[in-house]
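Student: Contents of data_25.cif (mmCIF, C-alpha atoms, pLDDT in the B column; chains and numbers go by the auth columns):
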data_protein
#
loop_
_atom_site.group_PDB
_atom_site.id
_atom_site.type_symbol
_atom_site.label_atom_id
_atom_site.label_comp_id
_atom_site.label_asym_id
_atom_site.label_seq_id
_atom_site.Cartn_x
_atom_site.Cartn_y
_atom_site.Cartn_z
_atom_site.B_iso_or_equiv
_atom_site.auth_seq_id
_atom_site.auth_asym_id
ATOM 1 C CA MET A 1 -20.860 -5.533 -13.656 43.00 1 A
ATOM 2 C CA PHE A 2 -18.658 -4.901 -10.612 54.00 2 A
ATOM 3 C CA SER A 3 -20.039 -4.685 -7.084 56.00 3 A
ATOM 4 C CA SER A 4 -18.540 -4.802 -3.621 61.00 4 A
ATOM 5 C CA PRO A 5 -20.796 -5.863 -0.761 63.00 5 A
ATOM 6 C CA GLY A 6 -20.311 -3.486 2.148 74.00 6 A
ATOM 7 C CA GLY A 7 -18.900 -0.727 -0.053 86.00 7 A
ATOM 8 C CA LEU A 8 -15.446 0.505 -0.964 90.00 8 A
ATOM 9 C CA ARG A 9 -12.701 1.963 1.174 90.00 9 A
ATOM 10 C CA HIS A 10 -10.542 2.919 -1.827 91.00 10 A
ATOM 11 C CA PHE A 11 -10.981 3.286 -5.619 93.00 11 A
ATOM 12 C CA GLU A 12 -8.241 4.344 -8.030 93.00 12 A
ATOM 13 C CA TRP A 13 -8.024 4.520 -11.827 93.00 13 A
ATOM 14 C CA CYS A 14 -4.848 3.219 -13.459 93.00 14 A
ATOM 15 C CA PRO A 15 -2.798 6.219 -14.637 91.00 15 A
ATOM 16 C CA SER A 16 -1.553 4.588 -17.855 85.00 16 A
ATOM 17 C CA LEU A 17 -3.158 5.168 -21.236 69.00 17 A
ATOM 18 C CA GLY A 18 -4.760 2.259 -22.973 70.00 18 A
ATOM 19 C CA PRO A 19 -7.437 -0.097 -21.702 73.00 19 A
ATOM 20 C CA TYR A 20 -9.317 1.300 -18.736 85.00 20 A
ATOM 21 C CA LYS A 21 -8.209 -0.333 -15.476 90.00 21 A
ATOM 22 C CA PHE A 22 -8.933 0.370 -11.844 92.00 22 A
ATOM 23 C CA LEU A 23 -8.295 -1.091 -8.439 93.00 23 A
ATOM 24 C CA THR A 24 -10.510 -1.155 -5.386 92.00 24 A
ATOM 25 C CA VAL A 25 -10.156 -2.099 -1.754 93.00 25 A
ATOM 26 C CA SER A 26 -13.458 -3.017 -0.138 92.00 26 A
ATOM 27 C CA ARG A 27 -14.356 -2.068 3.421 90.00 27 A
ATOM 28 C CA ALA A 28 -13.772 -5.736 4.248 90.00 28 A
ATOM 29 C CA GLY A 29 -10.192 -5.416 2.883 92.00 29 A
ATOM 30 C CA LYS A 30 -10.511 -7.308 -0.428 92.00 30 A
ATOM 31 C CA LEU A 31 -8.252 -6.043 -3.256 92.00 31 A
ATOM 32 C CA VAL A 32 -9.717 -6.198 -6.776 91.00 32 A
ATOM 33 C CA VAL A 33 -8.042 -5.131 -10.025 91.00 33 A
ATOM 34 C CA ALA A 34 -10.418 -4.764 -12.965 89.00 34 A
ATOM 35 C CA SER A 35 -10.261 -3.780 -16.617 84.00 35 A
ATOM 36 C CA GLU A 36 -12.719 -3.720 -19.507 80.00 36 A
ATOM 37 C CA LYS A 37 -12.271 -7.448 -20.054 79.00 37 A
ATOM 38 C CA ASN A 38 -10.770 -8.853 -16.872 80.00 38 A
ATOM 39 C CA LEU A 39 -11.476 -9.002 -13.149 80.00 39 A
ATOM 40 C CA THR A 40 -8.670 -10.120 -10.833 79.00 40 A
ATOM 41 C CA LEU A 41 -9.594 -10.931 -7.280 80.00 41 A
ATOM 42 C CA GLY A 42 -6.580 -10.333 -5.139 80.00 42 A
ATOM 43 C CA GLU A 43 -5.433 -10.451 -1.583 82.00 43 A
ATOM 44 C CA GLU A 44 -7.598 -10.080 1.503 89.00 44 A
ATOM 45 C CA ASN A 45 -7.101 -8.003 4.667 91.00 45 A
ATOM 46 C CA ILE A 46 -5.639 -5.150 2.612 93.00 46 A
ATOM 47 C CA GLY A 47 -5.215 -1.772 4.294 91.00 47 A
ATOM 48 C CA ALA A 48 -4.136 0.412 1.354 94.00 48 A
ATOM 49 C CA ALA A 49 -3.327 0.123 -2.355 95.00 49 A
ATOM 50 C CA SER A 50 -2.011 2.361 -5.131 95.00 50 A
ATOM 51 C CA TRP A 51 -0.947 2.214 -8.802 94.00 51 A
ATOM 52 C CA SER A 52 2.605 3.083 -9.816 92.00 52 A
ATOM 53 C CA PRO A 53 2.818 6.296 -11.897 92.00 53 A
ATOM 54 C CA ASP A 54 3.084 4.315 -15.152 90.00 54 A
ATOM 55 C CA GLY A 55 0.446 1.732 -14.200 90.00 55 A
ATOM 56 C CA SER A 56 2.876 -1.176 -14.463 87.00 56 A
ATOM 57 C CA HIS A 57 2.806 -2.108 -10.755 89.00 57 A
ATOM 58 C CA ILE A 58 0.563 -1.959 -7.711 92.00 58 A
ATOM 59 C CA ALA A 59 1.707 -1.369 -4.150 92.00 59 A
ATOM 60 C CA TYR A 60 -0.588 -2.699 -1.428 93.00 60 A
ATOM 61 C CA SER A 61 -0.398 -3.441 2.265 93.00 61 A
ATOM 62 C CA ARG A 62 -1.444 -6.053 4.761 90.00 62 A
ATOM 63 C CA ALA A 63 -0.733 -5.048 8.392 89.00 63 A
ATOM 64 C CA ASN A 64 2.905 -3.827 8.337 89.00 64 A
ATOM 65 C CA VAL A 65 3.950 -5.481 5.054 90.00 65 A
ATOM 66 C CA LEU A 66 4.231 -3.498 1.815 90.00 66 A
ATOM 67 C CA SER A 67 3.806 -5.613 -1.323 90.00 67 A
ATOM 68 C CA LEU A 68 4.738 -4.634 -4.856 88.00 68 A
ATOM 69 C CA SER A 69 3.048 -6.603 -7.628 88.00 69 A
ATOM 70 C CA THR A 70 2.160 -6.643 -11.286 86.00 70 A
ATOM 71 C CA PRO A 71 -1.451 -5.617 -12.052 86.00 71 A
ATOM 72 C CA GLU A 72 -2.322 -9.283 -12.561 84.00 72 A
ATOM 73 C CA LEU A 73 -1.331 -9.847 -8.895 84.00 73 A
ATOM 74 C CA ASP A 74 0.596 -12.937 -9.976 77.00 74 A
ATOM 75 C CA GLN A 75 3.991 -11.877 -8.678 72.00 75 A
ATOM 76 C CA ALA A 76 4.614 -9.891 -5.521 75.00 76 A
ATOM 77 C CA ILE A 77 7.511 -9.040 -3.298 84.00 77 A
ATOM 78 C CA GLN A 78 6.920 -8.236 0.347 86.00 78 A
ATOM 79 C CA VAL A 79 8.796 -5.642 2.376 86.00 79 A
ATOM 80 C CA PRO A 80 8.029 -5.654 6.118 86.00 80 A
ATOM 81 C CA LEU A 81 8.154 -2.204 7.730 85.00 81 A
ATOM 82 C CA GLU A 82 9.174 -2.491 11.354 82.00 82 A
ATOM 83 C CA HIS A 83 10.015 -0.384 14.377 81.00 83 A
ATOM 84 C CA ASP A 84 11.962 -1.614 17.399 82.00 84 A
ATOM 85 C CA ASP A 85 9.442 -0.294 19.923 80.00 85 A
ATOM 86 C CA TYR A 86 6.054 -0.449 18.162 81.00 86 A
ATOM 87 C CA SER A 87 3.835 -2.751 16.151 85.00 87 A
ATOM 88 C CA LEU A 88 2.827 -0.975 12.955 87.00 88 A
ATOM 89 C CA ARG A 89 0.036 -1.096 10.385 87.00 89 A
ATOM 90 C CA ILE A 90 0.207 0.651 7.015 90.00 90 A
ATOM 91 C CA ASP A 91 -2.536 3.250 6.550 89.00 91 A
ATOM 92 C CA SER A 92 -1.653 4.878 3.231 92.00 92 A
ATOM 93 C CA ILE A 93 0.616 4.476 0.216 94.00 93 A
ATOM 94 C CA PHE A 94 1.725 7.184 -2.214 93.00 94 A
ATOM 95 C CA TRP A 95 4.062 6.645 -5.183 92.00 95 A
ATOM 96 C CA MET A 96 6.626 9.450 -5.324 90.00 96 A
ATOM 97 C CA SER A 97 8.220 8.140 -8.533 89.00 97 A
ATOM 98 C CA ILE A 98 8.369 4.961 -10.618 85.00 98 A
ATOM 99 C CA ASN A 99 10.641 3.334 -8.028 83.00 99 A
ATOM 100 C CA SER A 100 9.862 5.169 -4.790 86.00 100 A
ATOM 101 C CA VAL A 101 6.884 4.744 -2.455 88.00 101 A
ATOM 102 C CA LEU A 102 5.983 6.868 0.572 88.00 102 A
ATOM 103 C CA VAL A 103 4.252 4.774 3.217 89.00 103 A
ATOM 104 C CA GLU A 104 2.434 6.153 6.266 88.00 104 A
ATOM 105 C CA CYS A 105 2.056 3.781 9.201 86.00 105 A
ATOM 106 C CA MET A 106 0.352 4.048 12.563 85.00 106 A
ATOM 107 C CA ASN A 107 1.301 2.212 15.703 84.00 107 A
ATOM 108 C CA VAL A 108 -1.074 -0.579 16.617 79.00 108 A
ATOM 109 C CA GLN A 109 -2.221 0.464 20.049 67.00 109 A
ATOM 110 C CA SER A 110 -2.293 -1.991 22.876 61.00 110 A
ATOM 111 C CA ASP A 111 -4.916 -2.100 25.596 62.00 111 A
ATOM 112 C CA ASP A 112 -2.851 0.463 27.509 61.00 112 A
ATOM 113 C CA ALA A 113 -4.838 3.702 27.255 54.00 113 A
ATOM 114 C CA GLU A 114 -1.703 5.676 28.118 60.00 114 A
ATOM 115 C CA GLU A 115 0.026 4.727 24.860 60.00 115 A
ATOM 116 C CA GLU A 116 0.346 7.587 22.384 68.00 116 A
ATOM 117 C CA GLU A 117 -0.870 7.331 18.809 74.00 117 A
ATOM 118 C CA LEU A 118 2.163 7.778 16.578 78.00 118 A
ATOM 119 C CA ALA A 119 2.574 8.184 12.827 80.00 119 A
ATOM 120 C CA PHE A 120 5.625 6.731 11.119 83.00 120 A
ATOM 121 C CA CYS A 121 6.623 7.532 7.550 83.00 121 A
ATOM 122 C CA PHE A 122 8.908 5.397 5.414 84.00 122 A
ATOM 123 C CA VAL A 123 10.260 5.791 1.925 84.00 123 A
ATOM 124 C CA VAL A 124 10.732 2.442 0.189 83.00 124 A
ATOM 125 C CA GLN A 125 12.876 2.587 -2.930 80.00 125 A
ATOM 126 C CA PHE A 126 13.177 -0.212 -5.464 76.00 126 A
ATOM 127 C CA ALA A 127 15.493 -0.686 -8.393 70.00 127 A
ATOM 128 C CA LYS A 128 13.485 0.630 -11.326 58.00 128 A
ATOM 129 C CA PRO A 129 11.154 -2.236 -12.258 53.00 129 A
ATOM 130 C CA THR A 130 11.482 -3.427 -15.830 54.00 130 A
ATOM 131 C CA GLY A 131 8.404 -5.117 -17.214 53.00 131 A
ATOM 132 C CA SER A 132 7.257 -7.577 -14.596 50.00 132 A
ATOM 133 C CA SER A 133 10.728 -7.977 -13.087 55.00 133 A
ATOM 134 C CA LEU A 134 10.644 -7.523 -9.309 55.00 134 A
ATOM 135 C CA ALA A 135 13.443 -8.213 -6.848 52.00 135 A
ATOM 136 C CA ARG A 136 13.078 -8.052 -3.050 50.00 136 A
ATOM 137 C CA ASP A 137 16.831 -7.624 -2.625 52.00 137 A
ATOM 138 C CA ASP A 138 16.624 -4.252 -4.377 56.00 138 A
ATOM 139 C CA ALA A 139 14.342 -2.624 -1.756 58.00 139 A
ATOM 140 C CA VAL A 140 15.883 0.118 0.377 62.00 140 A
ATOM 141 C CA ILE A 141 13.887 1.399 3.357 60.00 141 A
ATOM 142 C CA GLU A 142 14.417 4.827 4.887 58.00 142 A
ATOM 143 C CA SER A 143 12.557 5.948 8.006 53.00 143 A
ATOM 144 C CA LEU A 144 11.582 9.595 7.737 51.00 144 A
ATOM 145 C CA ARG A 145 9.984 10.675 10.980 48.00 145 A
ATOM 146 C CA VAL A 146 7.974 9.799 14.020 50.00 146 A
ATOM 147 C CA SER A 147 5.372 12.276 15.146 52.00 147 A
ATOM 148 C CA LYS A 148 2.820 12.322 17.934 51.00 148 A
ATOM 149 C CA LEU A 149 -0.784 12.709 16.841 50.00 149 A
ATOM 150 C CA ASP A 150 -3.251 14.372 19.149 51.00 150 A
ATOM 151 C CA GLU A 151 -6.480 16.333 18.917 50.00 151 A
ATOM 152 C CA ASP A 152 -4.539 19.499 18.021 52.00 152 A
ATOM 153 C CA SER A 153 -2.621 17.934 15.086 48.00 153 A
#
Would you mind writing the file out in structure tokens?

Tutor:
Amino acid sequence: MFSSPGGLRHFEWCPSLGPYKFLTVSRAGKLVVASEKNLTLGEENIGAASWSPDGSHIAYSRANVLSLSTPELDQAIQVPLEHDDYSLRIDSIFWMSINSVLVECMNVQSDDAEEEELAFCFVVQFAKPTGSSLARDDAVIESLRVSKLDEDS
């Protein structure tokens, strides 16, 4: 039986056919990947996670770092997403294709109440992963937009 003290922030079924698999991120930020016969406890302080379209990889985030891993969480590459003027944290991840991830980030606000809340979107493209082969050198990052968020957005 699977349980998560404090509840879940995110639950997602693996899109591939075959044995049932899912991933969760608890409210405390613990990543878990589970199947009918296996439970893999993963990273902590996770903000977002998502399966690749074919279920062969998982993208997840910690602060401003996007990680791409096998479902066993035994091999991961990290891609930091940075902005010259702001500290960022990743809020959501969406796979656009087998080798392309859309990542939405928010600026980490300082104590300055005057600072605007901004959303930043990045597309991170990887060479098409083959099996469990992952290579950090293959990641290409493209910044899409910066937009102000306010009550009217």

Student: How many Å separate CA of Lys37 in chain A from CA of Asn99 in chain A?

Tutor: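 Atom-to-atom, CA of Lys37 in chain A and CA of Asn99 in chain A are spaced 28.0 Å apart.
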
Student: Can you translate the PyMOL selection byres ((chain A and resi 25) around 8) into the concrete residues it hits in this file, as a VMD selection string?

Tutor: chain A and resid 8 to 11 23 to 24 26 to 32 46 to 49

Student: Smallest atom-to-atom distance to Leu68 in chain A: which of A:Tyr86, A:Trp51, A:Phe120, A:Tyr20, using only C-alpha atoms?

Tutor: A:Trp51

Student: Which is closer to Gln125 in chain A than all the others in A:Gln75, A:Leu66, A:Ile90, A:Cys105, using all atoms listed in the file?

Tutor: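 Closest candidate: A:Leu66.
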
Student: Mind checking which residues fall within 12 Å of Phe22 in chain A, counting all atoms listed in the file, ignoring those fewer than 6 positions away in the same chain, and posting them as a list in words?

Tutor: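 After dropping sequence-adjacent residues, the list is Phe2, His10, Phe11, Glu12, Trp13, Cys14, Pro15, Ser16, Leu31, Val32, Val33, Ala34, Ser35, Glu36, Lys37, Asn38, Leu39, Thr40, Ala49, Ser50, Trp51, Gly55, Ile58, Pro71 and Glu72 of chain A.
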
Student: Got a sec: who's within 10 Å of Ile98 in chain A, counting only C-alpha atoms, leaving out chain neighbours fewer than 6 positions off, as a count of residues only?

Tutor: 12

Student: With the file shown as input, list the residues that the PyMOL selection byres ((chain A and resi 106-108) around 9) selects, as number ranges by chain.

Tutor: A: 86-91, 104-105, 109-110, 116-121

Student: Measure the distance from CA of Ser61 in chain A to CA of Pro19 in chain A in Å and round it to one decimal.

Tutor: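 CA of Pro19 in chain A lies 25.2 Å from CA of Ser61 in chain A.
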
Student: Calculate how many Å separate CA of Leu81 in chain A from CA of Val101 in chain A, rounding to one decimal.

Tutor: 12.4 Å

Student: For each of A:Asn64, A:Ser69, A:Gln78, A:Asn45, take the minimum atom-to-atom distance to Phe122 in chain A, counting all atoms listed in the file, then give the residue where this is smallest.

Tutor: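 Selected residue with least distance to Phe122 in chain A: A:Asn64.
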
Student: Range 35-40 of chain A, all listed atoms, 4 Å padding on each side: what axis-aligned box centre and edge lengths in Å to one decimal come out, as JSON?

Tutor:
{"center_x": -10.7, "center_y": -6.9, "center_z": -15.4, "size_x": 12.0, "size_y": 14.4, "size_z": 17.2}

Student: Please, can range 36-53 of chain A be completed to N, CA, C and O atoms and returned as an mmCIF file, in the frame of the given file?

Tutor:
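For reference, out.cif as written:
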data_model
loop_
_atom_site.group_PDB
_atom_site.id
_atom_site.type_symbol
_atom_site.label_atom_id
_atom_site.label_comp_id
_atom_site.auth_asym_id
_atom_site.auth_seq_id
_atom_site.Cartn_x
_atom_site.Cartn_y
_atom_site.Cartn_z
ATOM 1 N N GLU A 36 -11.546 -3.531 -18.662
ATOM 2 C CA GLU A 36 -12.719 -3.720 -19.507
ATOM 3 C C GLU A 36 -13.068 -5.198 -19.696
ATOM 4 O O GLU A 36 -14.222 -5.557 -19.800
ATOM 5 N N LYS A 37 -12.042 -6.045 -19.727
ATOM 6 C CA LYS A 37 -12.271 -7.448 -20.054
ATOM 7 C C LYS A 37 -11.854 -8.421 -18.971
ATOM 8 O O LYS A 37 -11.995 -9.624 -19.133
ATOM 9 N N ASN A 38 -11.323 -7.939 -17.856
ATOM 10 C CA ASN A 38 -10.770 -8.853 -16.872
ATOM 11 C C ASN A 38 -11.065 -8.359 -15.459
ATOM 12 O O ASN A 38 -11.066 -7.165 -15.198
ATOM 13 N N LEU A 39 -11.285 -9.300 -14.567
ATOM 14 C CA LEU A 39 -11.476 -9.002 -13.149
ATOM 15 C C LEU A 39 -10.550 -9.917 -12.362
ATOM 16 O O LEU A 39 -10.639 -11.134 -12.484
ATOM 17 N N THR A 40 -9.616 -9.335 -11.621
ATOM 18 C CA THR A 40 -8.670 -10.120 -10.833
ATOM 19 C C THR A 40 -8.972 -9.908 -9.364
ATOM 20 O O THR A 40 -8.889 -8.795 -8.856
ATOM 21 N N LEU A 41 -9.372 -10.988 -8.713
ATOM 22 C CA LEU A 41 -9.594 -10.931 -7.280
ATOM 23 C C LEU A 41 -8.264 -11.169 -6.602
ATOM 24 O O LEU A 41 -7.582 -12.148 -6.869
ATOM 25 N N GLY A 42 -7.902 -10.267 -5.742
ATOM 26 C CA GLY A 42 -6.580 -10.333 -5.139
ATOM 27 C C GLY A 42 -6.600 -10.713 -3.681
ATOM 28 O O GLY A 42 -7.468 -11.450 -3.215
ATOM 29 N N GLU A 43 -5.667 -10.156 -2.988
ATOM 30 C CA GLU A 43 -5.433 -10.451 -1.583
ATOM 31 C C GLU A 43 -6.582 -9.976 -0.700
ATOM 32 O O GLU A 43 -7.376 -9.136 -1.090
ATOM 33 N N GLU A 44 -6.623 -10.509 0.513
ATOM 34 C CA GLU A 44 -7.598 -10.080 1.503
ATOM 35 C C GLU A 44 -6.882 -9.400 2.658
ATOM 36 O O GLU A 44 -5.664 -9.456 2.766
ATOM 37 N N ASN A 45 -7.640 -8.734 3.513
ATOM 38 C CA ASN A 45 -7.101 -8.003 4.667
ATOM 39 C C ASN A 45 -6.134 -6.900 4.236
ATOM 40 O O ASN A 45 -5.106 -6.681 4.865
ATOM 41 N N ILE A 46 -6.474 -6.218 3.152
ATOM 42 C CA ILE A 46 -5.639 -5.150 2.612
ATOM 43 C C ILE A 46 -6.017 -3.830 3.280
ATOM 44 O O ILE A 46 -7.186 -3.503 3.422
ATOM 45 N N GLY A 47 -4.990 -3.064 3.660
ATOM 46 C CA GLY A 47 -5.215 -1.772 4.294
ATOM 47 C C GLY A 47 -5.185 -0.612 3.312
ATOM 48 O O GLY A 47 -5.938 0.346 3.435
ATOM 49 N N ALA A 48 -4.301 -0.672 2.320
ATOM 50 C CA ALA A 48 -4.136 0.412 1.354
ATOM 51 C C ALA A 48 -3.604 -0.170 0.051
ATOM 52 O O ALA A 48 -2.988 -1.237 0.049
ATOM 53 N N ALA A 49 -3.839 0.554 -1.049
ATOM 54 C CA ALA A 49 -3.327 0.123 -2.355
ATOM 55 C C ALA A 49 -3.177 1.336 -3.253
ATOM 56 O O ALA A 49 -3.891 2.323 -3.096
ATOM 57 N N SER A 50 -2.233 1.244 -4.213
ATOM 58 C CA SER A 50 -2.011 2.361 -5.131
ATOM 59 C C SER A 50 -1.275 1.893 -6.387
ATOM 60 O O SER A 50 -0.396 1.034 -6.309
ATOM 61 N N TRP A 51 -1.635 2.482 -7.538
ATOM 62 C CA TRP A 51 -0.947 2.214 -8.802
ATOM 63 C C TRP A 51 0.384 2.950 -8.843
ATOM 64 O O TRP A 51 0.504 4.062 -8.332
ATOM 65 N N SER A 52 1.369 2.362 -9.518
ATOM 66 C CA SER A 52 2.605 3.083 -9.816
ATOM 67 C C SER A 52 2.270 4.172 -10.843
ATOM 68 O O SER A 52 1.248 4.090 -11.534
ATOM 69 N N PRO A 53 3.116 5.198 -10.973
ATOM 70 C CA PRO A 53 2.818 6.296 -11.897
ATOM 71 C C PRO A 53 2.601 5.863 -13.354
ATOM 72 O O PRO A 53 1.847 6.496 -14.080
#
